[in-house]
$ cat model-v6.csv   # CSV, C-alpha atoms
chain,number,residue,atom,x,y,z
A,1,MET,CA,111.6,116.0,98.2
A,2,THR,CA,113.4,114.2,95.4
A,3,LYS,CA,113.7,110.6,96.5
A,4,PRO,CA,117.0,108.7,96.0
A,5,ALA,CA,117.1,106.2,93.2
A,6,ALA,CA,116.1,102.6,93.9
A,7,LEU,CA,119.1,100.4,94.7
A,8,ILE,CA,117.1,97.2,94.9
A,9,GLU,CA,113.8,96.5,93.3
A,10,THR,CA,111.6,93.4,93.7
A,11,PRO,CA,108.1,92.8,92.2
A,12,ARG,CA,106.5,94.5,95.3
A,13,LEU,CA,109.2,96.6,96.9
A,14,ILE,CA,111.8,99.3,96.4
A,15,MET,CA,114.8,99.7,98.6
A,16,ARG,CA,116.7,103.0,98.5
A,17,GLN,CA,118.9,105.1,100.8
A,18,PHE,CA,117.3,106.9,103.7
A,19,VAL,CA,117.1,110.7,103.6
A,20,MET,CA,116.3,113.1,106.5
A,21,GLU,CA,112.8,113.6,105.1
A,22,ASP,CA,112.1,110.0,106.0
A,23,ALA,CA,112.2,110.8,109.8
A,24,GLU,CA,108.4,110.7,110.3
A,25,ALA,CA,108.1,107.3,108.7
A,26,VAL,CA,111.1,106.0,110.6
A,27,TYR,CA,109.5,107.3,113.8
A,28,HIS,CA,106.2,105.6,112.9
A,29,PHE,CA,107.6,102.1,112.4
A,30,SER,CA,110.4,102.4,115.0
A,31,SER,CA,108.1,103.5,117.8
A,32,ASN,CA,105.6,100.6,117.2
A,33,PRO,CA,105.9,98.1,120.1
A,34,GLU,CA,105.1,95.2,117.8
A,35,VAL,CA,107.8,96.1,115.3
A,36,VAL,CA,110.6,96.5,117.9
A,37,ARG,CA,109.5,93.7,120.2
A,38,TYR,CA,112.5,91.4,119.3
A,39,THR,CA,115.1,94.0,118.4
A,40,GLY,CA,116.9,94.8,121.6
A,41,ASP,CA,116.5,98.5,121.0
A,42,GLU,CA,112.9,99.0,121.9
A,43,ASP,CA,113.5,102.5,123.4
A,44,ALA,CA,115.9,103.8,120.8
A,45,ILE,CA,113.4,106.0,119.0
A,46,LYS,CA,110.9,107.9,121.1
A,47,SER,CA,110.7,111.1,119.1
A,48,LEU,CA,111.2,112.7,115.6
A,49,ASP,CA,114.6,113.9,116.8
A,50,ASP,CA,115.6,110.4,117.7
A,51,ALA,CA,114.5,109.2,114.3
A,52,ARG,CA,116.6,112.0,112.6
A,53,GLY,CA,119.5,111.0,114.8
A,54,VAL,CA,119.4,107.4,113.7
A,55,ILE,CA,119.1,108.4,110.1
A,56,GLU,CA,122.2,110.6,110.4
A,57,SER,CA,124.4,108.7,112.9
A,58,TYR,CA,123.8,105.2,111.6
A,59,TRP,CA,122.3,105.0,108.1
A,60,LEU,CA,123.8,108.1,106.4
A,61,ALA,CA,127.1,107.5,108.2
A,62,GLY,CA,127.0,103.9,107.1
A,63,TYR,CA,126.5,104.8,103.5
A,64,ARG,CA,129.5,107.2,103.7
A,65,GLU,CA,131.8,105.0,105.7
A,66,HIS,CA,131.1,101.5,104.3
A,67,GLY,CA,129.0,102.1,101.2
A,68,PHE,CA,126.0,100.4,102.7
A,69,ALA,CA,123.6,100.5,105.6
A,70,ARG,CA,119.9,99.8,106.2
A,71,TYR,CA,117.7,100.9,103.3
A,72,ALA,CA,114.3,102.4,103.3
A,73,LEU,CA,111.7,99.8,102.4
A,74,VAL,CA,109.0,101.2,100.1
A,75,ASN,CA,105.9,99.3,99.2
A,76,LYS,CA,105.2,99.8,95.5
A,77,GLN,CA,101.5,99.3,95.8
A,78,ASP,CA,100.9,102.4,98.0
A,79,ASP,CA,104.3,104.1,97.7
A,80,GLU,CA,104.6,104.0,101.5
A,81,LEU,CA,107.9,103.7,103.4
A,82,ILE,CA,107.0,100.7,105.6
A,83,GLY,CA,110.2,99.8,107.3
A,84,PHE,CA,113.8,99.0,106.4
A,85,CYS,CA,115.9,96.1,105.1
A,86,GLY,CA,119.6,96.2,104.6
A,87,ILE,CA,123.1,95.2,105.7
A,88,LYS,CA,125.5,97.0,108.1
A,89,TYR,CA,128.9,96.4,109.5
A,90,GLU,CA,128.5,95.2,113.1
A,91,PRO,CA,131.8,95.0,115.0
A,92,LEU,CA,130.4,93.0,117.9
A,93,LEU,CA,128.6,90.4,115.8
A,94,ASN,CA,129.7,86.8,115.8
A,95,ARG,CA,130.9,86.7,119.4
A,96,GLY,CA,133.0,89.9,118.9
A,97,GLN,CA,134.7,88.9,115.6
A,98,GLY,CA,132.6,91.4,113.6
A,99,GLY,CA,130.9,91.0,110.3
A,100,VAL,CA,128.1,92.2,108.0
A,101,ASP,CA,124.6,91.9,109.5
A,102,ILE,CA,121.3,91.9,107.7
A,103,GLY,CA,118.3,93.4,109.5
A,104,TYR,CA,114.8,94.3,108.6
A,105,ARG,CA,111.6,95.8,110.1
A,106,MET,CA,108.2,96.6,108.7
A,107,LEU,CA,104.9,97.8,109.9
A,108,PRO,CA,102.6,95.0,111.1
A,109,GLU,CA,99.9,95.6,108.5
A,110,TYR,CA,102.5,94.3,105.9
A,111,TRP,CA,103.4,91.1,107.8
A,112,GLY,CA,102.4,87.7,106.6
A,113,LYS,CA,102.5,88.5,102.9
A,114,GLY,CA,106.0,87.3,102.1
A,115,LEU,CA,107.4,90.8,101.9
A,116,ALA,CA,110.2,90.3,104.4
A,117,THR,CA,111.4,87.2,102.6
A,118,GLU,CA,111.2,89.0,99.3
A,119,ALA,CA,113.2,92.0,100.8
A,120,VAL,CA,115.9,89.8,102.6
A,121,THR,CA,116.4,87.6,99.6
A,122,ALA,CA,116.9,90.6,97.3
A,123,CYS,CA,119.1,92.4,99.7
A,124,LEU,CA,121.4,89.3,100.1
A,125,ARG,CA,121.6,89.0,96.3
A,126,TYR,CA,122.5,92.7,96.1
A,127,ALA,CA,125.2,92.3,98.8
A,128,ARG,CA,126.7,89.4,97.0
A,129,GLU,CA,126.4,90.5,93.3
A,130,THR,CA,126.7,94.3,93.6
A,131,LEU,CA,128.8,94.9,96.8
A,132,GLY,CA,130.9,91.7,96.6
A,133,ILE,CA,129.9,90.6,100.2
A,134,ASN,CA,129.5,86.9,100.3
A,135,CYS,CA,129.3,86.3,104.1
A,136,VAL,CA,126.3,88.0,105.8
A,137,TYR,CA,125.1,87.2,109.3
A,138,ALA,CA,121.8,87.7,111.1
A,139,GLU,CA,121.1,87.6,114.8
A,140,VAL,CA,117.6,86.7,115.8
A,141,MET,CA,115.9,86.2,119.2
A,142,LYS,CA,115.0,82.5,119.7
A,143,GLU,CA,111.3,83.6,120.3
A,144,ASN,CA,111.1,85.4,117.0
A,145,VAL,CA,109.8,82.5,115.0
A,146,ALA,CA,108.5,84.5,112.1
A,147,SER,CA,112.0,86.1,111.5
A,148,ILE,CA,113.6,82.7,111.8
A,149,ARG,CA,111.4,81.5,109.0
A,150,VAL,CA,112.3,84.5,106.9
A,151,LEU,CA,116.0,83.9,107.3
A,152,GLU,CA,115.7,80.2,106.5
A,153,LYS,CA,113.5,80.9,103.4
A,154,ALA,CA,116.1,83.3,102.2
A,155,GLY,CA,118.7,80.5,102.4
A,156,MET,CA,120.5,81.4,105.6
A,157,VAL,CA,121.6,78.7,108.0
A,158,ARG,CA,121.9,78.7,111.8
A,159,ILE,CA,125.5,78.4,112.9
A,160,ASP,CA,125.3,79.2,116.6
A,161,SER,CA,123.1,79.9,119.6
A,162,TYR,CA,124.0,81.9,122.7
A,163,GLU,CA,122.8,84.3,125.3
A,164,ASP,CA,123.6,88.0,125.2
A,165,GLN,CA,122.4,90.4,127.9
A,166,GLY,CA,119.7,88.0,129.0
A,167,ALA,CA,118.4,87.3,125.4
A,168,GLN,CA,118.6,83.8,123.8
A,169,LEU,CA,119.9,84.4,120.3
A,170,HIS,CA,120.5,82.4,117.2
A,171,LEU,CA,123.2,83.4,114.7
A,172,TYR,CA,122.5,82.7,111.0
A,173,ARG,CA,124.9,83.0,108.1
A,174,THR,CA,124.5,83.0,104.3
A,175,ALA,CA,125.1,79.4,103.1

$ encode --input "model-v6.csv" --output "structure tokens"
Amino acid sequence: MTKPAALIETPRLIMRQFVMEDAEAVYHFSSNPEVVRYTGDEDAIKSLDDARGVIESYWLAGYREHGFARYALVNKQDDELIGFCGIKYEPLLNRGQGGVDIGYRMLPEYWGKGLATEAVTACLRYARETLGINCVYAEVMKENVASIRVLEKAGMVRIDSYEDQGAQLHLYRTA
């Protein structure tokens, strides 16, 4: 498989578009209960076919329709696809007003090393400088303290808190 070119590169990470050949890696990180604990879509990917469906219906469709979506997050040190980071258009975000949302996930063995902050910061810069998107939101469950720290370290500020389908959420926005 020829991997797509890097769109975003940091000292330790490469972000590129997903391809169908990434299905096994997507299944691996998306079926990990620790990874999806605070996502609200814990049961979305239960098989390789589900992973292929997400790649096609969400990420590849997002690249075609909006020019952006979640990107494959590759660790340079071992060339492993460890999760995703990227923006997507979310029509229900911001109490139904819609907006561009940043999201990220990665395998637990890569947590606690600053990689999420590195990825989110670089992705926000890419959104602003390359895509011309200045306002990016992030929804995070109140209990997800680690992700709250990532968003704040990346320069995002909390602008709202609310309940959605029984979950207490904080809404962050680029400053």

$ residues_around --input "model-v6.csv" --residues "A:Ile102" --least-positions-apart "4" --cutoff "8 Å" --atoms "only C-alpha atoms" --output "list of chain:residue names"
A:Cys85, A:Gly86, A:Ile87, A:Lys88, A:Val120, A:Val136, A:Tyr137, A:Ala138

$ atom_distance --input "model-v6.csv" --atom1 "atom CA of A:Asp79" --atom2 "atom CA of A:Asn32"
19.9 Å

$ residues_near_point --input "model-v6.csv" --point "(100.1, 96.0, 106.2)" --cutoff "12 Å" --atoms "only C-alpha atoms" --output "ChimeraX atom specification"
/A:29,35,74-75,77-78,80-83,106-116

$ residues_around --input "model-v6.csv" --residues "stretch 145-159 of chain A" --least-positions-apart "4" --cutoff "8 Å" --atoms "only C-alpha atoms" --output "number ranges by chain"
A: 116-117, 120-121, 138, 140, 170-175

$ residues_around --input "model-v6.csv" --residues "A:Val19" --least-positions-apart "3" --cutoff "10 Å" --atoms "all atoms listed in the file" --output "list in words"
Met1, Thr2, Lys3, Pro4, Arg16, Asp22, Ala23, Arg52, Ile55, Glu56, Trp59, Leu60, Tyr71 and Ala72 of chain A

$ atom_distance --input "model-v6.csv" --atom1 "atom CA of A:Val26" --atom2 "atom CA of A:Gly96"
28.4 Å

$ atom_distance --input "model-v6.csv" --atom1 "atom CA of A:Lys76" --atom2 "atom CA of A:Gln17"
15.6 Å

$ closest_residue --input "model-v6.csv" --among "A:Tyr162, A:Arg105, A:Cys135, A:Arg128" --to "A:Arg37" --atoms "only C-alpha atoms"
A:Arg105

$ closest_residue --input "model-v6.csv" --among "A:Ala6, A:Asp101, A:Ala167, A:His28" --to "A:Ala69" --atoms "all atoms listed in the file"
A:Asp101

$ closest_residue --input "model-v6.csv" --among "A:Gly40, A:Arg12, A:Gln97, A:Leu124" --to "A:Gln165" --atoms "all atoms listed in the file"
A:Gly40

$ closest_residue --input "model-v6.csv" --among "A:Tyr38, A:Tyr63, A:Phe18, A:Tyr27" --to "A:Lys142" --atoms "only C-alpha atoms"
A:Tyr38

$ closest_residue --input "model-v6.csv" --among "A:Glu24, A:Arg125, A:Arg95, A:Glu65" --to "A:Ile45" --atoms "only C-alpha atoms"
A:Glu24

$ residues_around --input "model-v6.csv" --residues "A:Thr130" --least-positions-apart "6" --cutoff "12 Å" --atoms "only C-alpha atoms" --output "list of chain:residue names"
A:Leu7, A:Ile8, A:Gly67, A:Phe68, A:Ala122, A:Cys123, A:Leu124

$ build_atoms --input "model-v6.csv" --residues "stretch 50-61 of chain A" --atoms "all heavy atoms" --output "PDB file, in the frame of the given file"
ATOM      1  N   ASP A  50     114.878 111.680 117.656  1.00  0.00           N
ATOM      2  CA  ASP A  50     115.600 110.400 117.700  1.00  0.00           C
ATOM      3  C   ASP A  50     115.641 109.742 116.359  1.00  0.00           C
ATOM      4  O   ASP A  50     116.674 109.178 115.975  1.00  0.00           O
ATOM      5  CB  ASP A  50     114.842 109.433 118.694  1.00  0.00           C
ATOM      6  CG  ASP A  50     114.944 109.844 120.150  1.00  0.00           C
ATOM      7  OD1 ASP A  50     115.801 110.683 120.495  1.00  0.00           O
ATOM      8  OD2 ASP A  50     114.138 109.311 120.948  1.00  0.00           O
ATOM      9  N   ALA A  51     114.536 109.811 115.608  1.00  0.00           N
ATOM     10  CA  ALA A  51     114.500 109.200 114.300  1.00  0.00           C
ATOM     11  C   ALA A  51     115.542 109.923 113.361  1.00  0.00           C
ATOM     12  O   ALA A  51     116.288 109.269 112.629  1.00  0.00           O
ATOM     13  CB  ALA A  51     113.118 109.335 113.651  1.00  0.00           C
ATOM     14  N   ARG A  52     115.599 111.250 113.440  1.00  0.00           N
ATOM     15  CA  ARG A  52     116.600 112.000 112.600  1.00  0.00           C
ATOM     16  C   ARG A  52     118.013 111.591 113.056  1.00  0.00           C
ATOM     17  O   ARG A  52     118.901 111.450 112.218  1.00  0.00           O
ATOM     18  CB  ARG A  52     116.403 113.493 112.834  1.00  0.00           C
ATOM     19  CG  ARG A  52     115.175 114.041 112.152  1.00  0.00           C
ATOM     20  CD  ARG A  52     115.097 115.581 112.282  1.00  0.00           C
ATOM     21  NE  ARG A  52     113.777 116.031 111.957  1.00  0.00           N
ATOM     22  CZ  ARG A  52     112.830 116.331 112.844  1.00  0.00           C
ATOM     23  NH1 ARG A  52     113.057 116.258 114.140  1.00  0.00           N
ATOM     24  NH2 ARG A  52     111.630 116.721 112.441  1.00  0.00           N
ATOM     25  N   GLY A  53     118.210 111.389 114.344  1.00  0.00           N
ATOM     26  CA  GLY A  53     119.500 111.000 114.800  1.00  0.00           C
ATOM     27  C   GLY A  53     119.956 109.633 114.310  1.00  0.00           C
ATOM     28  O   GLY A  53     121.118 109.444 113.936  1.00  0.00           O
ATOM     29  N   VAL A  54     119.033 108.681 114.269  1.00  0.00           N
ATOM     30  CA  VAL A  54     119.400 107.400 113.700  1.00  0.00           C
ATOM     31  C   VAL A  54     119.664 107.459 112.238  1.00  0.00           C
ATOM     32  O   VAL A  54     120.627 106.854 111.744  1.00  0.00           O
ATOM     33  CB  VAL A  54     118.197 106.358 113.994  1.00  0.00           C
ATOM     34  CG1 VAL A  54     118.336 105.094 113.160  1.00  0.00           C
ATOM     35  CG2 VAL A  54     118.140 106.016 115.475  1.00  0.00           C
ATOM     36  N   ILE A  55     118.861 108.220 111.509  1.00  0.00           N
ATOM     37  CA  ILE A  55     119.100 108.400 110.100  1.00  0.00           C
ATOM     38  C   ILE A  55     120.520 108.942 109.848  1.00  0.00           C
ATOM     39  O   ILE A  55     121.292 108.409 109.050  1.00  0.00           O
ATOM     40  CB  ILE A  55     118.047 109.287 109.415  1.00  0.00           C
ATOM     41  CG1 ILE A  55     116.688 108.581 109.403  1.00  0.00           C
ATOM     42  CG2 ILE A  55     118.464 109.667 107.988  1.00  0.00           C
ATOM     43  CD1 ILE A  55     115.517 109.478 109.006  1.00  0.00           C
ATOM     44  N   GLU A  56     120.872 109.997 110.577  1.00  0.00           N
ATOM     45  CA  GLU A  56     122.200 110.600 110.400  1.00  0.00           C
ATOM     46  C   GLU A  56     123.338 109.801 110.919  1.00  0.00           C
ATOM     47  O   GLU A  56     124.301 109.535 110.217  1.00  0.00           O
ATOM     48  CB  GLU A  56     122.198 112.022 111.041  1.00  0.00           C
ATOM     49  CG  GLU A  56     123.541 112.720 110.949  1.00  0.00           C
ATOM     50  CD  GLU A  56     124.068 112.897 109.533  1.00  0.00           C
ATOM     51  OE1 GLU A  56     123.304 113.298 108.639  1.00  0.00           O
ATOM     52  OE2 GLU A  56     125.279 112.617 109.308  1.00  0.00           O
ATOM     53  N   SER A  57     123.219 109.370 112.175  1.00  0.00           N
ATOM     54  CA  SER A  57     124.400 108.700 112.900  1.00  0.00           C
ATOM     55  C   SER A  57     124.609 107.297 112.449  1.00  0.00           C
ATOM     56  O   SER A  57     125.734 106.812 112.586  1.00  0.00           O
ATOM     57  CB  SER A  57     124.147 108.787 114.370  1.00  0.00           C
ATOM     58  OG  SER A  57     124.018 110.117 114.801  1.00  0.00           O
ATOM     59  N   TYR A  58     123.594 106.626 111.986  1.00  0.00           N
ATOM     60  CA  TYR A  58     123.800 105.200 111.600  1.00  0.00           C
ATOM     61  C   TYR A  58     123.664 104.995 110.120  1.00  0.00           C
ATOM     62  O   TYR A  58     124.567 104.442 109.508  1.00  0.00           O
ATOM     63  CB  TYR A  58     122.749 104.337 112.366  1.00  0.00           C
ATOM     64  CG  TYR A  58     122.999 104.325 113.851  1.00  0.00           C
ATOM     65  CD1 TYR A  58     122.287 105.163 114.697  1.00  0.00           C
ATOM     66  CD2 TYR A  58     123.966 103.503 114.405  1.00  0.00           C
ATOM     67  CE1 TYR A  58     122.523 105.171 116.061  1.00  0.00           C
ATOM     68  CE2 TYR A  58     124.219 103.503 115.765  1.00  0.00           C
ATOM     69  CZ  TYR A  58     123.495 104.344 116.591  1.00  0.00           C
ATOM     70  OH  TYR A  58     123.736 104.359 117.940  1.00  0.00           O
ATOM     71  N   TRP A  59     122.540 105.392 109.532  1.00  0.00           N
ATOM     72  CA  TRP A  59     122.300 105.000 108.100  1.00  0.00           C
ATOM     73  C   TRP A  59     123.121 105.905 107.177  1.00  0.00           C
ATOM     74  O   TRP A  59     123.865 105.383 106.351  1.00  0.00           O
ATOM     75  CB  TRP A  59     120.829 105.018 107.823  1.00  0.00           C
ATOM     76  CG  TRP A  59     120.104 104.016 108.695  1.00  0.00           C
ATOM     77  CD1 TRP A  59     120.631 102.875 109.236  1.00  0.00           C
ATOM     78  CD2 TRP A  59     118.755 104.070 109.125  1.00  0.00           C
ATOM     79  NE1 TRP A  59     119.673 102.220 109.988  1.00  0.00           N
ATOM     80  CE2 TRP A  59     118.510 102.928 109.935  1.00  0.00           C
ATOM     81  CE3 TRP A  59     117.719 104.967 108.920  1.00  0.00           C
ATOM     82  CZ2 TRP A  59     117.279 102.652 110.517  1.00  0.00           C
ATOM     83  CZ3 TRP A  59     116.493 104.695 109.503  1.00  0.00           C
ATOM     84  CH2 TRP A  59     116.273 103.552 110.284  1.00  0.00           C
ATOM     85  N   LEU A  60     123.006 107.221 107.279  1.00  0.00           N
ATOM     86  CA  LEU A  60     123.800 108.100 106.400  1.00  0.00           C
ATOM     87  C   LEU A  60     125.278 107.907 106.627  1.00  0.00           C
ATOM     88  O   LEU A  60     126.075 107.860 105.682  1.00  0.00           O
ATOM     89  CB  LEU A  60     123.372 109.550 106.519  1.00  0.00           C
ATOM     90  CG  LEU A  60     121.909 109.885 106.179  1.00  0.00           C
ATOM     91  CD1 LEU A  60     121.655 111.385 106.327  1.00  0.00           C
ATOM     92  CD2 LEU A  60     121.531 109.409 104.785  1.00  0.00           C
ATOM     93  N   ALA A  61     125.669 107.769 107.898  1.00  0.00           N
ATOM     94  CA  ALA A  61     127.100 107.500 108.200  1.00  0.00           C
ATOM     95  C   ALA A  61     127.547 106.192 107.637  1.00  0.00           C
ATOM     96  O   ALA A  61     128.675 106.087 107.132  1.00  0.00           O
ATOM     97  CB  ALA A  61     127.293 107.561 109.727  1.00  0.00           C
TER      98      ALA A  61
END
